[in-house]
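Asker: To start, I am sharing the structure in question, which I have written as structure tokens.
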Amino acid sequence: MNRVVIHVDMNAFFASIEQKANPRLRNKPVLVGGSPHSRTVVATASYEAREYGVKTGMPLSEARRLCPQAILVEGNSAKYIDTSLEIIKILNEFTDQVEVFSIDEAFIDVTGSQALFGKPIEIARKIKERLRKKLGLTCSIGIAPNKLLAKLASEMEKPDGLVEIEEEEVSNILANLPVEKLCGIGEKTAFHLSRLGIRTAKELGNASVDLLIHHFGIIGHLLKQMGRGMDGSRVISYTEEGEVKSMGHSYTLPGDTWDMEMIRTVLLRLSEQVGRRLRKGGYRGRRVTLVLRYSDFFTFSRDLSISDYIDYGLDIYYVALRILKRIGRLARAVRLVGVKVSNLISDCGQLYLLESYKKREALMGAIDRINDKFGEFTLHPCRLLMETPCEKIFPYKITPPQRKPLSHLNPFHT
């Protein structure tokens, strides 16, 4: 039996949920984003707003310029996650081979489901009917022999589309398809391919593998396969536990800044958040990555590996500070700061011989339990108060009697 993969892509997911919940928003341009009182980007725009050129990821100021009458709704992640879980439940009615691709997308392998639910096109129609009846939402569905082509098919007709790509149609579809339409080929890769004279999927499939490897390394093999519409990756069920490779957090500042004390304040807060996530998941890591995004959206990262595995916010922070010092003078004002810890191992309840480490572990465990119960940063390091207060970043505003920059503190002082 030939393999059959379906890609389900919810239409304007966040905005559609808000329109379903609030009838006054229906048939109106809706933008879902962060707080209207802070700088934010468009997480999702309804199709009424997209008619004016508004796109996901666009700064809110630009979206409002294109569509002044748009209604901004502050996003509700809990509501969207709950809806996403309901969608997965519906997809599980047709197969247990469900791969969550994002909060509003999923792949399902229905190769073995046809005896129960009919042909792939019939299964797709039943899925659309169940989603509409139970959740009041529409989706676009693509059907194909593999995940690459199923994703491509779901993009062909939006919103509320249904497209099936059969094996004999693949070559004709790829003949004039721009390479950037293939999932996994971004703007940068498409640009480098165009410099080699490769602009369509067919040209990519016909390109010399040696040429592709020379310019793109080992992924040259994969690029050639993609150009031919080939994808051997299987649908990985969401119940299959994947290996956690890294944990991180990032924060977009209220305004572009050169203020190093503010950057360090955010850096410490992010480090504390990453540390909490590591401890909650039972992980430690020994590589810390600092991410900075400048005001012109240029983003770069630098990392540093250390000898010990860590899960403590201040440890993460001091490594990130070392990276920041190596970067030196900032080229432009900073828009976003991010911290990530990778090269992880499972903690497995490590036992310590030194009494000071035992006490620290007990203290962090107590702090985590209190913050879990009463909210993040109910208890926080007093060192946060030694930076310049910023009420737009923190939920409190305290002016300490004496300000001592964090960068001058002894990292081993407790």
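The way I read the labels, and the way they are meant: chains A, B, ... in the order of the structure tokens, residue 1 as the first residue of every chain, and ligand 1 as the first ligand shown, with later ones counted on from there.
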Contacts of stretch 184-189 of chain A at 12 Å or less, counting only C-alpha atoms, minus same-chain residues fewer than 4 places along, as a tab-separated table (two decimals) with N, CA and C atoms, in the first residue's frame?
Answerer:
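Resulting contents of around-v9.tsv:
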chain	number	residue	atom	x	y	z
A	147	LYS	N	5.61	13.94	3.79
A	147	LYS	CA	5.36	15.14	4.57
A	147	LYS	C	5.69	16.42	3.79
A	148	LEU	N	6.79	16.41	3.04
A	148	LEU	CA	7.17	17.59	2.26
A	148	LEU	C	6.07	18.02	1.31
A	149	LEU	N	5.53	17.06	0.56
A	149	LEU	CA	4.50	17.37	-0.42
A	149	LEU	C	3.15	17.65	0.23
A	151	LYS	N	2.71	19.16	3.10
A	151	LYS	CA	2.82	20.55	3.56
A	151	LYS	C	2.63	21.51	2.39
A	152	LEU	N	3.25	21.19	1.27
A	152	LEU	CA	3.11	22.01	0.07
A	152	LEU	C	1.66	22.07	-0.39
A	178	PRO	N	8.73	27.86	-7.15
A	178	PRO	CA	9.89	28.52	-6.54
A	178	PRO	C	10.42	27.70	-5.38
A	179	VAL	N	11.74	27.62	-5.25
A	179	VAL	CA	12.34	26.76	-4.23
A	179	VAL	C	11.89	27.15	-2.81
A	180	GLU	N	11.63	28.44	-2.59
A	180	GLU	CA	11.26	28.87	-1.25
A	180	GLU	C	9.88	28.38	-0.83
A	193	LEU	N	20.81	29.83	-3.43
A	193	LEU	CA	20.50	28.98	-4.57
A	193	LEU	C	20.31	29.80	-5.84
A	194	SER	N	19.67	30.95	-5.71
A	194	SER	CA	19.43	31.80	-6.89
A	194	SER	C	20.75	32.30	-7.48
A	195	ARG	N	21.75	32.50	-6.62
A	195	ARG	CA	23.06	32.94	-7.12
A	195	ARG	C	23.74	31.83	-7.91
A	196	LEU	N	23.29	30.59	-7.70
A	196	LEU	CA	23.80	29.46	-8.48
A	196	LEU	C	22.93	29.19	-9.69
A	198	ILE	N	19.68	28.55	-9.51
A	198	ILE	CA	18.65	27.57	-9.14
A	198	ILE	C	17.49	28.32	-8.49
A	199	ARG	N	16.37	28.39	-9.20
A	199	ARG	CA	15.23	29.15	-8.70
A	199	ARG	C	13.96	28.31	-8.56
A	200	THR	N	13.90	27.19	-9.22
A	200	THR	CA	12.71	26.34	-9.14
A	200	THR	C	13.07	24.99	-8.52
A	201	ALA	N	12.05	24.30	-8.05
A	201	ALA	CA	12.28	22.99	-7.45
A	201	ALA	C	12.87	22.02	-8.48
A	204	LEU	N	16.47	22.59	-8.82
A	204	LEU	CA	17.16	22.07	-7.64
A	204	LEU	C	17.32	20.56	-7.74
A	212	LEU	N	25.94	21.22	-4.88
A	212	LEU	CA	25.16	21.55	-3.69
A	212	LEU	C	25.96	21.28	-2.41
A	215	HIS	N	28.56	24.03	-1.74
A	215	HIS	CA	28.05	25.31	-1.24
A	215	HIS	C	27.26	25.19	0.06
A	216	PHE	N	26.66	24.01	0.31
A	216	PHE	CA	25.77	23.88	1.48
A	216	PHE	C	26.18	22.77	2.44
A	219	ILE	N	24.02	18.99	3.83
A	219	ILE	CA	22.60	19.11	3.49
A	219	ILE	C	22.37	19.20	1.98
A	220	GLY	N	23.45	19.26	1.21
A	220	GLY	CA	23.31	19.26	-0.24
A	220	GLY	C	22.54	18.06	-0.74
A	222	LEU	N	20.20	16.45	0.93
A	222	LEU	CA	18.80	16.67	1.29
A	222	LEU	C	18.14	17.66	0.34
A	223	LEU	N	18.86	18.73	-0.02
A	223	LEU	CA	18.30	19.73	-0.93
A	223	LEU	C	17.94	19.12	-2.28
A	224	LYS	N	18.80	18.26	-2.78
A	224	LYS	CA	18.52	17.63	-4.06
A	224	LYS	C	17.27	16.75	-3.98
A	226	MET	N	14.78	17.15	-1.91
A	226	MET	CA	13.64	18.05	-1.80
A	226	MET	C	13.22	18.57	-3.16
A	227	GLY	N	14.21	18.89	-4.00
A	227	GLY	CA	13.91	19.37	-5.34
A	227	GLY	C	13.18	18.34	-6.18
A	231	ASP	N	10.92	12.75	0.33
A	231	ASP	CA	11.05	12.97	1.77
A	231	ASP	C	10.79	11.64	2.47
Asker: Env of A:Leu304: 8 Å cut, atoms = only C-alpha atoms, seq-sep filter 4 positions within chain, self excluded. Answer as a ChimeraX atom specification.
Answerer: /A:287-289,319,323
Asker: For A:Val30, work out the shell of residues within 10 Å, counting only C-alpha atoms and skipping chain neighbours fewer than 6 positions away, then give it as an MDAnalysis selection string.
Answerer: chainID A and resid 12 14:16 18:19 42 44:50 67 69:73
Asker: Would you mind exporting the chosen residues as a tab-separated table (two decimals), in the first residue's frame, restricted to C-alpha atoms?
Answerer:
chain	number	residue	atom	x	y	z
A	12	ALA	CA	-5.64	32.11	11.03
A	14	PHE	CA	-5.47	32.58	17.02
A	15	ALA	CA	-7.65	35.13	15.25
A	16	SER	CA	-10.25	32.48	14.34
A	18	GLU	CA	-11.03	34.98	19.08
A	19	GLN	CA	-13.68	35.53	16.40
A	42	VAL	CA	1.37	40.35	14.96
A	44	THR	CA	-1.84	36.07	13.73
A	45	ALA	CA	-4.01	38.25	11.52
A	46	SER	CA	-7.52	37.33	10.44
A	47	TYR	CA	-8.09	36.96	6.71
A	48	GLU	CA	-10.01	40.24	6.74
A	49	ALA	CA	-6.80	41.96	7.94
A	50	ARG	CA	-4.59	40.04	5.52
A	67	CYS	CA	-5.06	48.54	8.37
A	69	GLN	CA	-9.41	49.90	11.49
A	70	ALA	CA	-7.95	46.60	12.68
A	71	ILE	CA	-8.96	45.42	16.15
A	72	LEU	CA	-6.07	44.35	18.38
A	73	VAL	CA	-6.76	41.43	20.71
Asker: Taking only residues of stretch 214-290 of chain A that have an atom at most 6 Å from an atom of stretch 331-345 of chain A, what is each one's shortest atom pair and its distance in Å to one decimal, using only C-alpha atoms, in chain and number order, as a tab-separated table?
Answerer:
residue	atom	partner	partner_atom	distance
A:Ser246	CA	A:Ser342	CA	4.2
A:Met247	CA	A:Val341	CA	5.5
A:Gly248	CA	A:Lys340	CA	3.9
A:His249	CA	A:Val339	CA	5.6
A:Ser250	CA	A:Gly338	CA	3.8
A:Tyr251	CA	A:Val337	CA	5.5
A:Thr252	CA	A:Leu336	CA	4.3
A:Leu253	CA	A:Arg335	CA	5.6
A:Asp256	CA	A:Arg335	CA	4.7
A:Thr257	CA	A:Ala333	CA	4.9
A:Trp258	CA	A:Ala333	CA	4.9
A:Tyr283	CA	A:Ile345	CA	5.6
A:Arg284	CA	A:Leu344	CA	5.4
A:Gly285	CA	A:Leu344	CA	4.2
A:Arg286	CA	A:Asn343	CA	5.8
A:Arg287	CA	A:Ser342	CA	5.2
A:Val288	CA	A:Val341	CA	4.6
A:Thr289	CA	A:Lys340	CA	5.0
A:Leu290	CA	A:Val339	CA	4.9
Asker: Create the file for the chosen residues now, containing N, CA and C atoms and written as a PDB file, in the first residue's frame.
Answerer:
ATOM      1  N   SER A 246      17.843  21.501  24.208  1.00  0.00           N
ATOM      2  CA  SER A 246      18.187  22.783  24.822  1.00  0.00           C
ATOM      3  C   SER A 246      16.954  23.392  25.474  1.00  0.00           C
ATOM      4  N   MET A 247      17.178  24.367  26.344  1.00  0.00           N
ATOM      5  CA  MET A 247      16.100  25.132  26.953  1.00  0.00           C
ATOM      6  C   MET A 247      16.520  26.588  26.976  1.00  0.00           C
ATOM      7  N   GLY A 248      15.604  27.489  26.640  1.00  0.00           N
ATOM      8  CA  GLY A 248      15.961  28.897  26.603  1.00  0.00           C
ATOM      9  C   GLY A 248      14.758  29.813  26.715  1.00  0.00           C
ATOM     10  N   HIS A 249      15.030  31.083  26.888  1.00  0.00           N
ATOM     11  CA  HIS A 249      14.015  32.130  26.930  1.00  0.00           C
ATOM     12  C   HIS A 249      14.571  33.366  26.233  1.00  0.00           C
ATOM     13  N   SER A 250      13.674  34.167  25.653  1.00  0.00           N
ATOM     14  CA  SER A 250      14.078  35.445  25.073  1.00  0.00           C
ATOM     15  C   SER A 250      13.051  36.498  25.442  1.00  0.00           C
ATOM     16  N   TYR A 251      13.458  37.765  25.318  1.00  0.00           N
ATOM     17  CA  TYR A 251      12.568  38.853  25.698  1.00  0.00           C
ATOM     18  C   TYR A 251      12.803  40.041  24.773  1.00  0.00           C
ATOM     19  N   THR A 252      11.721  40.585  24.196  1.00  0.00           N
ATOM     20  CA  THR A 252      11.792  41.793  23.389  1.00  0.00           C
ATOM     21  C   THR A 252      11.644  42.998  24.307  1.00  0.00           C
ATOM     22  N   LEU A 253      12.628  43.873  24.307  1.00  0.00           N
ATOM     23  CA  LEU A 253      12.649  45.011  25.214  1.00  0.00           C
ATOM     24  C   LEU A 253      11.547  46.014  24.870  1.00  0.00           C
ATOM     25  N   ASP A 256      14.273  49.933  22.040  1.00  0.00           N
ATOM     26  CA  ASP A 256      15.670  49.651  21.705  1.00  0.00           C
ATOM     27  C   ASP A 256      16.577  50.389  22.690  1.00  0.00           C
ATOM     28  N   THR A 257      17.631  49.715  23.154  1.00  0.00           N
ATOM     29  CA  THR A 257      18.458  50.325  24.206  1.00  0.00           C
ATOM     30  C   THR A 257      19.934  50.020  24.026  1.00  0.00           C
ATOM     31  N   TRP A 258      20.758  50.995  24.479  1.00  0.00           N
ATOM     32  CA  TRP A 258      22.203  50.803  24.588  1.00  0.00           C
ATOM     33  C   TRP A 258      22.573  50.555  26.046  1.00  0.00           C
ATOM     34  N   TYR A 283      17.094  18.559  34.240  1.00  0.00           N
ATOM     35  CA  TYR A 283      18.250  18.635  33.346  1.00  0.00           C
ATOM     36  C   TYR A 283      19.293  19.608  33.877  1.00  0.00           C
ATOM     37  N   ARG A 284      20.522  19.406  33.428  1.00  0.00           N
ATOM     38  CA  ARG A 284      21.623  20.343  33.619  1.00  0.00           C
ATOM     39  C   ARG A 284      22.329  20.485  32.275  1.00  0.00           C
ATOM     40  N   GLY A 285      22.971  21.622  32.060  1.00  0.00           N
ATOM     41  CA  GLY A 285      23.676  21.833  30.794  1.00  0.00           C
ATOM     42  C   GLY A 285      25.019  22.484  31.013  1.00  0.00           C
ATOM     43  N   ARG A 286      25.871  22.398  30.002  1.00  0.00           N
ATOM     44  CA  ARG A 286      27.211  22.981  30.137  1.00  0.00           C
ATOM     45  C   ARG A 286      27.581  23.919  28.986  1.00  0.00           C
ATOM     46  N   ARG A 287      26.612  24.222  28.127  1.00  0.00           N
ATOM     47  CA  ARG A 287      26.857  25.229  27.093  1.00  0.00           C
ATOM     48  C   ARG A 287      25.792  26.319  27.203  1.00  0.00           C
ATOM     49  N   VAL A 288      26.216  27.559  27.344  1.00  0.00           N
ATOM     50  CA  VAL A 288      25.301  28.694  27.455  1.00  0.00           C
ATOM     51  C   VAL A 288      25.405  29.526  26.188  1.00  0.00           C
ATOM     52  N   THR A 289      24.265  29.902  25.634  1.00  0.00           N
ATOM     53  CA  THR A 289      24.213  30.719  24.424  1.00  0.00           C
ATOM     54  C   THR A 289      23.523  32.038  24.719  1.00  0.00           C
ATOM     55  N   LEU A 290      24.138  33.132  24.303  1.00  0.00           N
ATOM     56  CA  LEU A 290      23.548  34.465  24.416  1.00  0.00           C
ATOM     57  C   LEU A 290      23.084  34.901  23.037  1.00  0.00           C
TER      58      LEU A 290
END
Asker: Within stretch 122-225 of chain A, find each residue whose DSSP state, derived from the backbone, is helix (DSSP H, G or I), and express the selection as a ChimeraX atom specification.
Answerer: /A:122-135,147-156,167-175,179-181,187-195,201-206,209-216,219-225
Asker: Write the residues of the selection above to a file with C-alpha atoms, as a PDB file, in the first residue's frame.
Answerer:
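Okay, this is what ended up in selection_15.pdb:
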ATOM      1  CA  GLU A 122     -12.762  11.127   2.419  1.00  0.00           C
ATOM      2  CA  ILE A 123     -10.692  11.093   5.625  1.00  0.00           C
ATOM      3  CA  ALA A 124      -9.685  14.714   5.019  1.00  0.00           C
ATOM      4  CA  ARG A 125     -13.312  15.764   4.547  1.00  0.00           C
ATOM      5  CA  LYS A 126     -14.323  13.987   7.759  1.00  0.00           C
ATOM      6  CA  ILE A 127     -11.536  15.781   9.657  1.00  0.00           C
ATOM      7  CA  LYS A 128     -12.678  19.163   8.332  1.00  0.00           C
ATOM      8  CA  GLU A 129     -16.275  18.345   9.274  1.00  0.00           C
ATOM      9  CA  ARG A 130     -15.318  17.281  12.823  1.00  0.00           C
ATOM     10  CA  LEU A 131     -13.223  20.427  13.375  1.00  0.00           C
ATOM     11  CA  ARG A 132     -15.991  22.676  12.114  1.00  0.00           C
ATOM     12  CA  LYS A 133     -18.732  20.914  14.073  1.00  0.00           C
ATOM     13  CA  LYS A 134     -16.905  20.569  17.392  1.00  0.00           C
ATOM     14  CA  LEU A 135     -14.698  23.683  17.449  1.00  0.00           C
ATOM     15  CA  LYS A 147       5.362  15.145   4.573  1.00  0.00           C
ATOM     16  CA  LEU A 148       7.174  17.589   2.260  1.00  0.00           C
ATOM     17  CA  LEU A 149       4.502  17.373  -0.423  1.00  0.00           C
ATOM     18  CA  ALA A 150       1.605  17.261   2.062  1.00  0.00           C
ATOM     19  CA  LYS A 151       2.816  20.552   3.559  1.00  0.00           C
ATOM     20  CA  LEU A 152       3.113  22.015   0.072  1.00  0.00           C
ATOM     21  CA  ALA A 153      -0.410  20.857  -0.837  1.00  0.00           C
ATOM     22  CA  SER A 154      -1.965  22.474   2.252  1.00  0.00           C
ATOM     23  CA  GLU A 155      -0.499  25.842   1.197  1.00  0.00           C
ATOM     24  CA  MET A 156      -2.045  25.737  -2.288  1.00  0.00           C
ATOM     25  CA  GLU A 167       2.557  10.505  -7.367  1.00  0.00           C
ATOM     26  CA  GLU A 168       2.096  11.095 -11.104  1.00  0.00           C
ATOM     27  CA  GLU A 169       1.491  14.831 -10.570  1.00  0.00           C
ATOM     28  CA  VAL A 170       4.676  15.581  -8.641  1.00  0.00           C
ATOM     29  CA  SER A 171       6.981  16.405 -11.559  1.00  0.00           C
ATOM     30  CA  ASN A 172       4.488  18.827 -13.126  1.00  0.00           C
ATOM     31  CA  ILE A 173       3.872  20.616  -9.823  1.00  0.00           C
ATOM     32  CA  LEU A 174       7.597  21.018  -9.103  1.00  0.00           C
ATOM     33  CA  ALA A 175       8.482  22.176 -12.635  1.00  0.00           C
ATOM     34  CA  VAL A 179      12.337  26.756  -4.229  1.00  0.00           C
ATOM     35  CA  GLU A 180      11.258  28.874  -1.247  1.00  0.00           C
ATOM     36  CA  LYS A 181       7.820  27.235  -1.403  1.00  0.00           C
ATOM     37  CA  GLU A 187      14.976  33.150   2.343  1.00  0.00           C
ATOM     38  CA  LYS A 188      18.723  32.870   2.944  1.00  0.00           C
ATOM     39  CA  THR A 189      19.019  29.417   1.344  1.00  0.00           C
ATOM     40  CA  ALA A 190      16.785  30.495  -1.559  1.00  0.00           C
ATOM     41  CA  PHE A 191      19.013  33.546  -2.094  1.00  0.00           C
ATOM     42  CA  HIS A 192      22.200  31.451  -2.236  1.00  0.00           C
ATOM     43  CA  LEU A 193      20.500  28.977  -4.574  1.00  0.00           C
ATOM     44  CA  SER A 194      19.435  31.805  -6.895  1.00  0.00           C
ATOM     45  CA  ARG A 195      23.061  32.937  -7.116  1.00  0.00           C
ATOM     46  CA  ALA A 201      12.276  22.990  -7.453  1.00  0.00           C
ATOM     47  CA  LYS A 202      12.930  21.233 -10.759  1.00  0.00           C
ATOM     48  CA  GLU A 203      16.235  23.055 -11.195  1.00  0.00           C
ATOM     49  CA  LEU A 204      17.160  22.069  -7.638  1.00  0.00           C
ATOM     50  CA  GLY A 205      16.329  18.428  -8.321  1.00  0.00           C
ATOM     51  CA  ASN A 206      18.426  18.466 -11.483  1.00  0.00           C
ATOM     52  CA  VAL A 209      24.879  17.005  -5.886  1.00  0.00           C
ATOM     53  CA  ASP A 210      28.599  17.862  -5.810  1.00  0.00           C
ATOM     54  CA  LEU A 211      27.749  21.513  -6.471  1.00  0.00           C
ATOM     55  CA  LEU A 212      25.155  21.548  -3.693  1.00  0.00           C
ATOM     56  CA  ILE A 213      27.503  19.862  -1.220  1.00  0.00           C
ATOM     57  CA  HIS A 214      30.270  22.329  -2.095  1.00  0.00           C
ATOM     58  CA  HIS A 215      28.051  25.309  -1.241  1.00  0.00           C
ATOM     59  CA  PHE A 216      25.770  23.881   1.481  1.00  0.00           C
ATOM     60  CA  ILE A 219      22.597  19.106   3.495  1.00  0.00           C
ATOM     61  CA  GLY A 220      23.309  19.260  -0.240  1.00  0.00           C
ATOM     62  CA  HIS A 221      22.022  15.666  -0.482  1.00  0.00           C
ATOM     63  CA  LEU A 222      18.799  16.672   1.288  1.00  0.00           C
ATOM     64  CA  LEU A 223      18.295  19.732  -0.927  1.00  0.00           C
ATOM     65  CA  LYS A 224      18.525  17.631  -4.063  1.00  0.00           C
ATOM     66  CA  GLN A 225      15.951  15.176  -2.700  1.00  0.00           C
TER      67      GLN A 225
END
Asker: Stretch 36-261 of chain A: which residues are strand (DSSP E or B) by DSSP, as JSON, numbers by chain?
Answerer: {"A": [41, 44, 45, 59, 71, 72, 73, 74, 98, 99, 100, 101, 102, 105, 106, 107, 108, 109, 139, 140, 141, 142, 143, 144, 162, 163, 164, 178, 200, 246, 247, 248, 249, 250, 251, 252, 253, 254, 255, 256, 257]}
Asker: Restricting the calculation to only C-alpha atoms, which member of A:Gly232, A:Pro68, A:Gly197, A:Gly255 is positioned closest to A:Val54?
Answerer: A:Pro68
